[in-house]
>>> print(open('my_file.tsv').read())   # TSV, C-alpha atoms
chain	number	residue	atom	x	y	z
W	2	MET	CA	106.85	74.54	113.59
W	3	PHE	CA	106.61	78.34	113.44
W	4	PHE	CA	108.81	80.85	111.66
W	5	GLU	CA	108.84	84.48	112.81
W	6	PHE	CA	108.65	86.84	109.84
W	7	ARG	CA	110.83	89.92	110.41
W	8	PHE	CA	110.60	92.51	107.68
W	9	TRP	CA	113.93	94.34	107.94
W	10	LYS	CA	115.96	91.26	108.74
W	11	HIS	CA	114.61	89.24	105.82
W	12	LEU	CA	114.66	92.16	103.40
W	13	PHE	CA	118.46	92.14	103.48
W	14	HIS	CA	119.00	88.47	104.42
W	15	GLN	CA	116.70	86.28	102.35
W	16	ASN	CA	118.45	82.94	102.82
W	17	GLU	CA	116.75	82.11	106.12
W	18	LEU	CA	113.38	83.22	104.74
W	19	ILE	CA	113.77	81.13	101.58
W	20	GLU	CA	114.81	78.00	103.48
W	21	SER	CA	111.88	78.37	105.88
W	22	LEU	CA	109.38	78.82	103.05
W	23	LYS	CA	110.75	75.71	101.34
W	24	ASN	CA	109.95	73.65	104.45
W	25	PRO	CA	106.29	72.49	104.16
W	26	THR	CA	106.04	71.94	107.92
W	27	VAL	CA	106.87	75.58	108.75
W	28	THR	CA	104.12	78.13	109.41
W	29	VAL	CA	105.06	81.77	108.93
W	30	ARG	CA	103.83	84.07	111.69
W	31	ASN	CA	103.21	87.83	111.68
W	32	PHE	CA	103.24	88.13	107.88
W	33	GLU	CA	99.63	89.36	107.72
W	34	LYS	CA	100.40	92.01	110.35
W	35	ARG	CA	103.25	93.32	108.22
W	36	VAL	CA	100.96	93.45	105.18
W	37	TRP	CA	98.41	95.57	107.06
W	38	LEU	CA	101.15	97.80	108.48
W	39	VAL	CA	102.65	98.47	105.05
W	40	GLY	CA	99.16	99.16	103.69
W	41	ILE	CA	98.32	101.67	106.42
W	42	LEU	CA	101.68	103.43	106.10
W	43	GLY	CA	101.25	103.57	102.33
W	44	ILE	CA	97.84	105.23	102.62
W	45	LEU	CA	99.24	107.66	105.20
W	46	LEU	CA	102.08	108.59	102.83
W	47	TYR	CA	99.68	109.37	100.00
W	48	VAL	CA	97.42	111.35	102.34
W	49	LEU	CA	100.36	113.46	103.56
W	50	GLN	CA	101.38	114.18	99.97
W	51	ASP	CA	97.85	115.26	99.10
W	52	MET	CA	97.56	117.47	102.20
W	53	TRP	CA	100.90	119.07	101.33
W	54	GLY	CA	99.50	119.84	97.90
W	55	ARG	CA	101.41	117.55	95.58
W	56	ASN	CA	99.57	116.80	92.33
W	57	ASN	CA	96.69	119.13	93.22
W	58	GLU	CA	98.40	122.50	92.77
W	59	GLY	CA	95.69	123.59	90.33
W	60	LEU	CA	93.13	123.72	93.13
W	61	THR	CA	94.86	126.74	94.68
W	62	SER	CA	93.41	128.99	91.99
W	63	LEU	CA	89.91	128.24	93.27
W	64	PHE	CA	90.83	129.58	96.70
W	65	VAL	CA	92.56	132.65	95.25
W	66	LEU	CA	89.49	133.47	93.14
W	67	GLY	CA	87.27	133.33	96.23
W	68	TYR	CA	85.54	129.99	95.61
W	69	GLU	CA	86.20	128.77	99.14
W	70	ASP	CA	83.33	126.27	99.27
W	71	THR	CA	84.28	124.82	95.89
W	72	TYR	CA	87.90	124.68	97.01
W	73	SER	CA	86.98	122.77	100.19
W	74	ILE	CA	84.90	120.24	98.25
W	75	ALA	CA	87.68	119.85	95.69
W	76	ARG	CA	90.27	119.20	98.42
W	77	ILE	CA	88.05	116.59	100.08
W	78	THR	CA	87.41	114.94	96.71
W	79	SER	CA	91.13	114.98	95.99
W	80	LEU	CA	91.88	113.37	99.34
W	81	ILE	CA	89.32	110.61	98.82
W	82	SER	CA	90.63	109.98	95.30
W	83	THR	CA	94.18	109.81	96.64
W	84	ILE	CA	93.22	107.21	99.25
W	85	ILE	CA	91.43	105.10	96.64
W	86	PHE	CA	94.40	105.37	94.25
W	87	SER	CA	96.88	104.40	96.98
W	88	ILE	CA	94.86	101.27	97.75
W	89	ILE	CA	94.60	100.34	94.07
W	90	TYR	CA	98.35	100.95	93.61
W	91	MET	CA	99.35	98.71	96.53
W	92	VAL	CA	96.79	96.00	95.70
W	93	PHE	CA	98.03	95.89	92.12
W	94	HIS	CA	101.69	95.49	93.06
W	95	PHE	CA	100.98	93.10	95.91
W	96	PHE	CA	98.20	90.83	94.60
W	97	VAL	CA	98.12	91.26	90.81
W	98	ILE	CA	101.88	91.09	90.25
W	99	ALA	CA	102.15	88.19	92.72
W	100	TYR	CA	99.48	86.36	90.70
W	101	LEU	CA	101.32	87.06	87.42
W	102	LEU	CA	104.57	85.74	88.91
W	103	HIS	CA	102.69	82.68	90.15
W	104	LYS	CA	101.34	81.99	86.67
W	105	MET	CA	104.57	82.72	84.79
W	106	THR	CA	107.08	80.97	87.05
W	107	GLY	CA	105.01	78.33	88.83
W	108	ILE	CA	105.84	79.67	92.31
W	109	GLN	CA	103.06	79.29	94.87
W	110	LEU	CA	100.94	82.41	95.21
W	111	SER	CA	101.53	82.59	98.97
W	112	LYS	CA	105.30	82.64	98.41
W	113	ALA	CA	105.08	85.18	95.58
W	114	SER	CA	103.13	87.49	97.89
W	115	VAL	CA	106.06	87.47	100.33
W	116	ILE	CA	108.50	88.96	97.83
W	117	GLN	CA	105.86	91.40	96.62
W	118	LEU	CA	105.47	92.75	100.14
W	119	PHE	CA	109.14	93.74	99.96
W	120	VAL	CA	108.56	95.22	96.50
W	121	VAL	CA	105.63	97.36	97.63
W	122	SER	CA	107.62	98.52	100.65
W	123	LEU	CA	110.59	99.55	98.50
W	124	LEU	CA	108.35	101.46	96.10
W	125	LEU	CA	106.72	103.29	99.01
W	126	MET	CA	110.11	104.05	100.56
W	127	GLU	CA	111.23	105.58	97.26
W	128	LYS	CA	108.12	107.76	97.20
W	129	ALA	CA	108.64	108.75	100.84
W	130	VAL	CA	112.22	109.90	100.21
W	131	ILE	CA	111.17	111.86	97.12
W	132	PHE	CA	108.33	113.49	99.06
W	133	ALA	CA	110.63	114.39	101.96
W	134	VAL	CA	113.10	116.07	99.59
W	135	PHE	CA	110.34	117.97	97.78
W	136	ALA	CA	108.83	119.07	101.10
W	137	MET	CA	112.19	120.46	102.22
W	138	LEU	CA	112.74	122.25	98.91
W	139	GLY	CA	109.19	123.63	98.84
W	140	TYR	CA	108.28	122.44	95.35
W	141	SER	CA	107.74	119.21	93.43
W	142	THR	CA	107.96	117.81	89.92
W	143	ALA	CA	106.40	114.87	88.15
W	144	PHE	CA	109.79	113.17	87.83
W	145	SER	CA	111.78	111.08	90.27
W	146	PHE	CA	115.42	112.02	90.81
W	147	PHE	CA	116.09	108.29	91.31
W	148	SER	CA	115.07	107.60	87.72
W	149	PHE	CA	116.08	108.44	84.16
W	150	GLY	CA	113.06	110.77	83.91
W	151	PRO	CA	114.89	114.08	84.52
W	152	LEU	CA	117.61	113.12	82.01
W	153	ALA	CA	115.02	112.06	79.45
W	154	ALA	CA	113.17	115.36	79.94
W	155	THR	CA	116.32	117.28	78.96
W	156	LEU	CA	117.12	115.14	75.91
W	157	LEU	CA	113.73	114.10	74.54
W	158	ASN	CA	110.58	115.86	73.40
W	159	ASN	CA	108.37	112.78	73.46
W	160	GLU	CA	106.15	112.90	76.55
W	161	PHE	CA	105.50	109.15	76.51
W	162	LEU	CA	109.22	108.31	76.47
W	163	ILE	CA	109.92	110.80	79.26
W	164	TYR	CA	107.35	109.19	81.53
W	165	PHE	CA	108.54	105.74	80.44
W	166	PHE	CA	112.11	106.43	81.53
W	167	ASN	CA	110.78	108.04	84.70
W	168	GLN	CA	109.52	104.60	85.72
W	169	LEU	CA	112.99	103.06	85.35
W	170	SER	CA	114.90	103.92	88.50
W	171	ILE	CA	117.50	102.61	90.92
W	172	ILE	CA	114.67	101.04	92.91
W	173	THR	CA	113.51	99.21	89.77
W	174	ALA	CA	116.92	97.54	89.53
W	175	VAL	CA	116.84	96.66	93.25
W	176	VAL	CA	113.35	95.19	92.88
W	177	ILE	CA	114.40	93.05	89.90
W	178	ALA	CA	117.42	91.80	91.84
W	179	LEU	CA	115.29	90.89	94.87
W	180	GLN	CA	112.66	89.16	92.77
W	181	PHE	CA	115.27	87.27	90.78
W	182	ARG	CA	117.10	85.99	93.86
W	183	PHE	CA	113.87	84.94	95.55
W	184	LEU	CA	112.07	83.41	92.57
W	185	ARG	CA	114.95	81.29	91.31
W	186	ALA	CA	114.78	79.35	94.58
W	187	PHE	CA	111.19	78.29	93.85
W	188	THR	CA	111.08	77.78	90.08
W	189	THR	CA	112.57	75.34	87.57
W	190	MET	CA	112.85	78.12	85.00
W	191	SER	CA	116.39	78.81	83.82
W	192	THR	CA	118.11	81.84	85.32
W	193	SER	CA	118.43	83.56	81.95
W	194	LYS	CA	114.72	83.13	81.13
W	195	LEU	CA	113.76	84.29	84.62
W	196	MET	CA	115.87	87.44	84.34
W	197	ILE	CA	114.48	88.23	80.88
W	198	LEU	CA	110.95	87.64	82.16
W	199	LEU	CA	111.41	90.07	85.07
W	200	ILE	CA	113.01	92.75	82.89
W	201	VAL	CA	110.24	92.49	80.29
W	202	LEU	CA	107.59	92.60	83.03
W	203	HIS	CA	108.98	95.84	84.45
W	204	LEU	CA	109.35	97.36	80.98
W	205	VAL	CA	105.70	96.55	80.24
W	206	LEU	CA	104.64	98.09	83.56
W	207	ALA	CA	106.69	101.20	82.77
W	208	ALA	CA	105.05	101.47	79.34
W	209	LEU	CA	101.55	101.06	80.79
W	210	THR	CA	102.22	103.70	83.44
W	211	ALA	CA	103.64	106.08	80.85
W	212	GLY	CA	100.63	105.52	78.62
W	213	ILE	CA	98.25	106.36	81.46
W	214	SER	CA	100.32	109.41	82.42
W	215	VAL	CA	100.00	111.02	78.98
W	216	LEU	CA	96.25	110.49	78.74
W	217	PRO	CA	94.30	113.77	79.05
W	218	LEU	CA	92.28	112.51	82.00
W	219	ASP	CA	91.54	115.99	83.37
W	220	GLU	CA	90.17	117.10	80.01
W	221	TRP	CA	87.99	114.00	79.73
W	222	ILE	CA	86.60	114.55	83.23
W	223	GLU	CA	85.83	118.20	82.46
W	224	ARG	CA	84.03	117.21	79.26
W	225	GLY	CA	82.08	114.56	81.13
W	226	LEU	CA	81.00	117.05	83.78
W	227	ALA	CA	80.04	119.54	81.08
W	228	VAL	CA	77.78	116.96	79.42
W	229	LEU	CA	76.10	116.21	82.74
>>> encode(input="my_file.tsv", output="structure tokens")
Amino acid sequence: MFFEFRFWKHLFHQNELIESLKNPTVTVRNFEKRVWLVGILGILLYVLQDMWGRNNEGLTSLFVLGYEDTYSIARITSLISTIIFSIIYMVFHFFVIAYLLHKMTGIQLSKASVIQLFVVSLLLMEKAVIFAVFAMLGYSTAFSFFSFGPLAATLLNNEFLIYFFNQLSIITAVVIALQFRFLRAFTTMSTSKLMILLIVLHLVLAALTAGISVLPLDEWIERGLAVL
């Protein structure tokens, strides 16, 4: 027996998807195609952001100073780095988080990957909307207007906390709600423990991302190149 996986339908109506996945005789079709499609669109989104100039504004000074060859090499390097980062980002949220959910809740890895496809898609949609708004305005910031980051930046002086709250957004709440509804159908864990687990998981991810964001990576790279 086959079950046709439809992304938009099952994103907003999970009951049919959950019941089908519970049936051991059902084979889900077209899921792998959706995974590849989301992956390709995600890479394209990051490439468009890089071509527009987001997060590589500092390279413009090379062109202004007349280092055209250096500027071209830097832009190509930036583009390649962006593609690699986009792949790592999607693989982490799709495979690594699915594996963690599998280990922590007992859900089958194949089923955990289904909900994580929705999660990755929502995260990419958030980034796409933010990019579209920034492109229309003609400038960008490091903070998401869907998150508590802008508010934290006005009230706090701690860079780590600002980036931490920047990771907590409306989409984070939607993701937790989707994961909770889906996972409780496949685990014996109590609803309260499951909710606490998901909240703690996202707080840990926010803290790790904030920690990486405040690291002086550019300075370390420059020092490394100077040594070479």
>>> axis_aligned_box(input="my_file.tsv", around="range 205-213 of chain W", padding_each_side="3 Å", output="lines of an AutoDock Vina configuration file")
center_x = 102.5
center_y = 101.5
center_z = 81.1
size_x = 14.4
size_y = 15.8
size_z = 10.9
>>> residues_near_point(input="my_file.tsv", point="(112.4, 81.4, 101.0)", cutoff="12 Å", atoms="all atoms listed in the file", output="PyMOL selection string")
chain W and resi 4+6+11-12+14-25+27+29+108-109+111-116+179-180+182-188
>>> residues_near_point(input="my_file.tsv", point="(108.7, 96.3, 97.3)", cutoff="10 Å", atoms="all atoms listed in the file", output="short mmCIF file (atom, residue, chain, number, x, y, z; two decimals) with C-alpha atoms, in the frame of the given file")
data_model
loop_
_atom_site.label_atom_id
_atom_site.label_comp_id
_atom_site.auth_asym_id
_atom_site.auth_seq_id
_atom_site.Cartn_x
_atom_site.Cartn_y
_atom_site.Cartn_z
CA LEU W 12 114.66 92.16 103.40
CA MET W 91 99.35 98.71 96.53
CA HIS W 94 101.69 95.49 93.06
CA PHE W 95 100.98 93.10 95.91
CA VAL W 115 106.06 87.47 100.33
CA ILE W 116 108.50 88.96 97.83
CA GLN W 117 105.86 91.40 96.62
CA LEU W 118 105.47 92.75 100.14
CA PHE W 119 109.14 93.74 99.96
CA VAL W 120 108.56 95.22 96.50
CA VAL W 121 105.63 97.36 97.63
CA SER W 122 107.62 98.52 100.65
CA LEU W 123 110.59 99.55 98.50
CA LEU W 124 108.35 101.46 96.10
CA LEU W 125 106.72 103.29 99.01
CA MET W 126 110.11 104.05 100.56
CA GLU W 127 111.23 105.58 97.26
CA ILE W 172 114.67 101.04 92.91
CA THR W 173 113.51 99.21 89.77
CA VAL W 175 116.84 96.66 93.25
CA VAL W 176 113.35 95.19 92.88
CA ILE W 177 114.40 93.05 89.90
CA LEU W 179 115.29 90.89 94.87
CA GLN W 180 112.66 89.16 92.77
#
>>> atom_distance(input="my_file.tsv", atom1="CA of Ser193 in chain W", atom2="CA of Thr106 in chain W")
12.7 Å
>>> atom_distance(input="my_file.tsv", atom1="CA of Ser148 in chain W", atom2="CA of Asn167 in chain W")
5.3 Å
>>> closest_residue(input="my_file.tsv", among="W:Met105, W:Phe147, W:Thr28, W:Thr83", to="Ile131 in chain W", atoms="only C-alpha atoms")
W:Phe147
>>> atom_distance(input="my_file.tsv", atom1="CA of Phe8 in chain W", atom2="CA of Leu42 in chain W")
14.2 Å
>>> closest_residue(input="my_file.tsv", among="W:Leu138, W:Leu198, W:Arg30, W:Tyr164", to="Leu101 in chain W", atoms="only C-alpha atoms")
W:Leu198
>>> closest_residue(input="my_file.tsv", among="W:Gln168, W:Gln50, W:Thr192, W:Thr155", to="Phe135 in chain W", atoms="all atoms listed in the file")
W:Gln50
>>> closest_residue(input="my_file.tsv", among="W:Leu195, W:Leu102, W:Phe181, W:Trp53", to="Tyr140 in chain W", atoms="all atoms listed in the file")
W:Trp53
>>> closest_residue(input="my_file.tsv", among="W:Leu45, W:Ile84, W:Phe144, W:Val201", to="Ser214 in chain W", atoms="all atoms listed in the file")
W:Phe144
>>> closest_residue(input="my_file.tsv", among="W:Asn31, W:Ser87, W:Ser82, W:Thr26", to="Tyr47 in chain W", atoms="all atoms listed in the file")
W:Ser87
>>> build_atoms(input="my_file.tsv", residues="range 189-203 of chain W", atoms="N, CA and C atoms", output="PDB file, keeping the file's coordinate frame")
ATOM      1  N   THR W 189     111.665  76.151  88.403  1.00  0.00           N
ATOM      2  CA  THR W 189     112.570  75.340  87.570  1.00  0.00           C
ATOM      3  C   THR W 189     113.003  76.098  86.322  1.00  0.00           C
ATOM      4  N   MET W 190     112.495  77.312  86.161  1.00  0.00           N
ATOM      5  CA  MET W 190     112.850  78.120  85.000  1.00  0.00           C
ATOM      6  C   MET W 190     114.337  78.465  85.033  1.00  0.00           C
ATOM      7  N   SER W 191     114.969  78.483  83.886  1.00  0.00           N
ATOM      8  CA  SER W 191     116.390  78.810  83.820  1.00  0.00           C
ATOM      9  C   SER W 191     116.616  80.245  84.276  1.00  0.00           C
ATOM     10  N   THR W 192     117.806  80.508  84.790  1.00  0.00           N
ATOM     11  CA  THR W 192     118.110  81.840  85.320  1.00  0.00           C
ATOM     12  C   THR W 192     118.029  82.915  84.241  1.00  0.00           C
ATOM     13  N   SER W 193     118.461  82.568  83.032  1.00  0.00           N
ATOM     14  CA  SER W 193     118.430  83.560  81.950  1.00  0.00           C
ATOM     15  C   SER W 193     116.990  83.912  81.571  1.00  0.00           C
ATOM     16  N   LYS W 194     116.125  82.873  81.467  1.00  0.00           N
ATOM     17  CA  LYS W 194     114.720  83.130  81.130  1.00  0.00           C
ATOM     18  C   LYS W 194     114.029  83.917  82.247  1.00  0.00           C
ATOM     19  N   LEU W 195     114.364  83.596  83.492  1.00  0.00           N
ATOM     20  CA  LEU W 195     113.760  84.290  84.620  1.00  0.00           C
ATOM     21  C   LEU W 195     114.153  85.767  84.619  1.00  0.00           C
ATOM     22  N   MET W 196     115.416  86.048  84.377  1.00  0.00           N
ATOM     23  CA  MET W 196     115.870  87.440  84.340  1.00  0.00           C
ATOM     24  C   MET W 196     115.211  88.200  83.203  1.00  0.00           C
ATOM     25  N   ILE W 197     115.139  87.587  82.018  1.00  0.00           N
ATOM     26  CA  ILE W 197     114.480  88.230  80.880  1.00  0.00           C
ATOM     27  C   ILE W 197     113.012  88.492  81.179  1.00  0.00           C
ATOM     28  N   LEU W 198     112.363  87.510  81.808  1.00  0.00           N
ATOM     29  CA  LEU W 198     110.950  87.640  82.160  1.00  0.00           C
ATOM     30  C   LEU W 198     110.728  88.841  83.078  1.00  0.00           C
ATOM     31  N   LEU W 199     111.562  88.977  84.107  1.00  0.00           N
ATOM     32  CA  LEU W 199     111.410  90.070  85.070  1.00  0.00           C
ATOM     33  C   LEU W 199     111.674  91.425  84.405  1.00  0.00           C
ATOM     34  N   ILE W 200     112.698  91.485  83.571  1.00  0.00           N
ATOM     35  CA  ILE W 200     113.010  92.750  82.890  1.00  0.00           C
ATOM     36  C   ILE W 200     111.864  93.167  81.975  1.00  0.00           C
ATOM     37  N   VAL W 201     111.356  92.203  81.196  1.00  0.00           N
ATOM     38  CA  VAL W 201     110.240  92.490  80.290  1.00  0.00           C
ATOM     39  C   VAL W 201     109.006  92.917  81.077  1.00  0.00           C
ATOM     40  N   LEU W 202     108.748  92.253  82.191  1.00  0.00           N
ATOM     41  CA  LEU W 202     107.590  92.600  83.030  1.00  0.00           C
ATOM     42  C   LEU W 202     107.669  94.050  83.486  1.00  0.00           C
ATOM     43  N   HIS W 203     108.834  94.473  83.956  1.00  0.00           N
ATOM     44  CA  HIS W 203     108.980  95.840  84.450  1.00  0.00           C
ATOM     45  C   HIS W 203     108.949  96.858  83.309  1.00  0.00           C
TER      46      HIS W 203
END
